[in-house]
Amino acid sequence: MEIILALAIGILAGSGVWLILRPRTFQVIIGLSLLSYAVNLFIIAMGRLRTGAAPILAAGAAGDPAHFADPLPQALVLTAIVISFATTALFLVVLLASRGLTGTDHVDGRESEL
Amino acid sequence: MTRYADHLMIAPVVLPMFVGAMMLALGGEHRRNVNAALNVATTFALIVIATALLRAADAAPTGVAGVYRLGDWPAPFGIVLVVDRLAAVMLLLTSLLAAAAVVFSLARWHRAGVLFHPLFQFLLMGINGAFLTGDLFNLFVFIEVLLAASYGLALHGSGPGRVTAGLHYIVVNLAASLLFLIGVSLIYGVSGTLNMADLAARIPAMHIEDRALLEAGAGILGIAFLVKAGMWPLCLWLPTTYAAAAPPVASIFAILTKVGAYIVLRLHLLLFGDDAGASAQFGGEWILLGGIATIAFGAIGSLASQDMARLASFSVLVSSGTVLAAIGMGQVGVTGGALFYLVSSTLGLGAFFLLIELVERGREPGADVLAVTRELYGEEDDPKESNEVGIAIPATMAILGLAFIGCALVLSGLPPLSGFIAKFALLTAALNPTTGAVSTASWVMLPVLILSGLAALVALTRAGIRAFWASADRAVPRVRLIEVAPVAALLLLCVIQTIQAGPIMRFMQATAQSLHTPHDYIRGVLGAAAERPAGLKGPT
């Protein structure tokens, strides 16, 4: 499981970094989304990988942390997802405004001279 | 401390949040006058609250005015807000700058786009929260609130220039936020805590093999903050965005880079102070080198900038770089001087961004670019000017010119205003270390600071001559009292800071002292849990 998760994070992050360095605004936003997926997976991984363990204490079974997954990274990931979703939506609006005002989807608002 | 004062600690976060939400509920843009009144009332209330908190922090023997436990959960588990001297002084600085910016905006800028007032309140909520919080992840949330509001404000007034600059600003900050998350989760993965004080208490006992990951996490976190603080080479987005933003927005943005510098200052000294064992002073030399590079970049940029807004943006970089370099030196006296400098230069920059718009109002766009081009090719300005000697300068121009001189003195660090005292304090402390010989870093800082002051002086003088003397045929700008008053008030604060330099400097030195020996901070936060009756009842 570790190797699959590590590969997934690496591929997502690598693709994301490549895409945010591209000149088109749409590529940039997809890159940011991919990067945020990679980061979300990374946060989960930082809580140590566990299968079949709940992050919520069951009635009567509280006391031994070995039976439970770490709930904190899951809470962090929820917050991070919400925030990155909101900022991505906001960025989409700016992207459309930029396209409308400059007539191009280049990130600099004009085509490069090369 | 009374219960009333206890809840005052969260007011700088809750008040703007409720007022901002209320503005939206009241009908947003349809009632702009109501919103404007609410905005002014709230920012002035925030000044009062921040002053009260500052007094409480200064009166407290440990420098920690109080720890606010949200939901009454004990410290390492729940989220805390901490008011100490540094947080209180940053709150006060923010509210003063905000009051000036919002009064200025009432003249016309708040009509340039939609929802200026609610966004402004949410921005204040984010900034205040970032200063108050004692929890790393909570810091992330407040920074995102601050950034989301700042994205809206950076685009206030719209237009291709602002949208293109805003696009870059948003991308850079979204990427930085992702780095922030990576850093926070790495630190959590290694240490198992997100509470800053708890983290500081755990680092000395940390295993040597865990330290590499911890330092990697702290380094990534540091990159995220340094993007916000505008350290070279992470600052390439800053001049364009600040120069393009609407003047009251740019004025309040002057504090945003200081949020980044504040967090670097807080976390660097708290986590990697002298007690941190093998990790002590981690990253200090990078902050120092980056700060010096930022000063150099800002100084060269301000000499090269053709219009005043860009000049002001590069001055932001110089100011930010000076604070960072001083933090990197890791000496108590230098940190105290840096705090004094931070307050003085932020007030000066806020005033300067507002002033630029008033000065530029009477001129045709692009006049500066032409003037610089003419200078470059050695062409003289219109010779007919000499005929106009003896004509009285209009009163408006006199006031604006006087304010410009004030800003130039503060920003370049010349006597008699506070900029000089700040730089003097910084250099005196750097050259008179309490222990050992004067470090190489101090000898580097000396010429860098003096040369950056010279560069600022040259750039500002050139801009001032061009704006006030060289164009006699220009129309005198129509300026209203509520536009000049905020500029004058900010400069007056610099004058007060000059006159009251003794007490303020003592306060800053006490702040620096408690930052360098964070035992009181840690005990204040974690001790709040220890005071509870045994058994640790949760909230009921």
# chains A, B, ... in the order shown; residues from 1 in each chain; ligands from 1
>>> closest_atom_pairs(of="chain A", to="chain B", cutoff="7 Å", atoms="only C-alpha atoms", output="CSV")
residue,atom,partner,partner_atom,distance
A:Ser36,CA,B:Leu178,CA,6.6
A:Val39,CA,B:Ile182,CA,6.3
A:Ile43,CA,B:Ser185,CA,5.4
A:Met46,CA,B:Gly189,CA,4.7
A:Gly47,CA,B:Gly189,CA,6.1
A:Thr87,CA,B:Ala148,CA,7.0
A:Val94,CA,B:Leu167,CA,6.6
A:Ser98,CA,B:Val163,CA,5.8
A:Leu101,CA,B:Pro160,CA,5.6
A:Thr102,CA,B:Pro160,CA,6.3
A:Asp108,CA,B:Thr164,CA,6.4
A:Gly109,CA,B:Thr164,CA,6.0
>>> residues_around(residues="B:Ile405", least_positions_apart="4", cutoff="9 Å", atoms="only C-alpha atoms", output="PyMOL selection string")
chain B and resi 400-401+409-410+460-461+464
>>> write_last_selection(atoms="N, CA and C atoms", output="mmCIF file, in the first residue's frame")
data_model
loop_
_atom_site.group_PDB
_atom_site.id
_atom_site.type_symbol
_atom_site.label_atom_id
_atom_site.label_comp_id
_atom_site.auth_asym_id
_atom_site.auth_seq_id
_atom_site.Cartn_x
_atom_site.Cartn_y
_atom_site.Cartn_z
ATOM 1 N N LEU B 400 0.459 68.088 -0.158
ATOM 2 C CA LEU B 400 0.879 66.804 -0.713
ATOM 3 C C LEU B 400 2.396 66.695 -0.718
ATOM 4 N N GLY B 401 3.060 67.812 -1.061
ATOM 5 C CA GLY B 401 4.517 67.799 -1.096
ATOM 6 C C GLY B 401 5.104 67.537 0.276
ATOM 7 N N LEU B 409 11.211 60.589 4.122
ATOM 8 C CA LEU B 409 12.094 60.549 5.293
ATOM 9 C C LEU B 409 11.934 59.229 6.041
ATOM 10 N N VAL B 410 10.655 58.802 6.212
ATOM 11 C CA VAL B 410 10.418 57.554 6.948
ATOM 12 C C VAL B 410 10.989 56.370 6.177
ATOM 13 N N LEU B 460 13.207 58.251 -4.410
ATOM 14 C CA LEU B 460 12.082 59.069 -3.951
ATOM 15 C C LEU B 460 12.284 60.530 -4.329
ATOM 16 N N THR B 461 13.519 61.024 -4.231
ATOM 17 C CA THR B 461 13.771 62.414 -4.600
ATOM 18 C C THR B 461 13.473 62.621 -6.077
ATOM 19 N N GLY B 464 9.830 62.654 -6.544
ATOM 20 C CA GLY B 464 9.248 63.868 -5.971
ATOM 21 C C GLY B 464 9.510 65.073 -6.846
#
>>> residues_around(residues="B:Ile143", least_positions_apart="2", cutoff="12 Å", atoms="only C-alpha atoms", output="ChimeraX atom specification")
/A:83 /B:122-133,136-141,145-150,173-174,176-177,180-181,224-225,228,256-257,259-260,263
>>> residues_around(residues="stretch 20-27 of chain A", least_positions_apart="3", cutoff="6 Å", atoms="only C-alpha atoms", output="PyMOL selection string")
chain A and resi 17+30-31+105-107
>>> select_by_dssp(residues="stretch 9-100 of chain A", states="alpha helix (DSSP H)", output="PyMOL selection string")
chain A and resi 9-20+25-46+71-100
>>> residues_around(residues="stretch 66-70 of chain A", least_positions_apart="6", cutoff="7 Å", atoms="only C-alpha atoms", output="compact mmCIF listing (two decimals) with C-alpha atoms, in the first residue's frame")
# COMPACT_ATOMS: atom_id res chain seq x y z
CA GLY A 47 -1.25 10.19 9.96
CA ARG A 50 -3.94 2.04 8.62
CA ALA A 53 -9.32 1.18 11.77
CA ALA A 54 -11.90 3.85 12.50
CA PRO A 55 -10.88 7.39 13.42
>>> residues_around(residues="B:Pro486", least_positions_apart="3", cutoff="12 Å", atoms="only C-alpha atoms", output="number ranges by chain")
B: 96-107, 248, 251, 347-348, 350-355, 358, 403, 480-483, 489-493
>>> write_last_selection(atoms="C-alpha atoms", output="mmCIF file, in the first residue's frame")
data_model
loop_
_atom_site.group_PDB
_atom_site.id
_atom_site.type_symbol
_atom_site.label_atom_id
_atom_site.label_comp_id
_atom_site.auth_asym_id
_atom_site.auth_seq_id
_atom_site.Cartn_x
_atom_site.Cartn_y
_atom_site.Cartn_z
ATOM 1 C CA LEU B 96 -4.457 51.721 12.489
ATOM 2 C CA LEU B 97 -3.536 51.005 8.882
ATOM 3 C CA ALA B 98 -7.010 49.625 8.194
ATOM 4 C CA ALA B 99 -8.698 52.715 9.623
ATOM 5 C CA ALA B 100 -6.615 54.971 7.379
ATOM 6 C CA ALA B 101 -7.296 52.815 4.313
ATOM 7 C CA VAL B 102 -11.030 52.587 4.896
ATOM 8 C CA VAL B 103 -11.470 56.326 5.499
ATOM 9 C CA PHE B 104 -9.480 57.005 2.345
ATOM 10 C CA SER B 105 -11.628 54.603 0.342
ATOM 11 C CA LEU B 106 -14.807 56.477 1.287
ATOM 12 C CA ALA B 107 -13.908 59.358 -1.023
ATOM 13 C CA PRO B 248 -6.505 51.809 -0.292
ATOM 14 C CA SER B 251 -2.123 50.448 1.575
ATOM 15 C CA LEU B 347 2.984 53.077 8.587
ATOM 16 C CA GLY B 348 5.188 54.954 6.111
ATOM 17 C CA GLY B 350 0.645 52.695 4.030
ATOM 18 C CA ALA B 351 0.744 56.477 3.859
ATOM 19 C CA PHE B 352 2.858 56.391 0.701
ATOM 20 C CA PHE B 353 0.471 54.119 -1.231
ATOM 21 C CA LEU B 354 -2.415 56.445 -0.380
ATOM 22 C CA LEU B 355 -0.419 59.556 -1.216
ATOM 23 C CA LEU B 358 -3.499 61.802 -4.800
ATOM 24 C CA ALA B 403 3.371 64.545 3.064
ATOM 25 C CA ARG B 480 -10.839 65.987 -0.523
ATOM 26 C CA LEU B 481 -10.165 66.322 3.151
ATOM 27 C CA ILE B 482 -11.017 62.688 3.938
ATOM 28 C CA GLU B 483 -8.316 61.679 1.464
ATOM 29 C CA ALA B 489 -2.760 60.661 10.390
ATOM 30 C CA LEU B 490 -0.368 57.856 9.400
ATOM 31 C CA LEU B 491 2.530 60.295 9.166
ATOM 32 C CA LEU B 492 1.493 61.811 12.481
ATOM 33 C CA LEU B 493 1.786 58.325 13.976
#
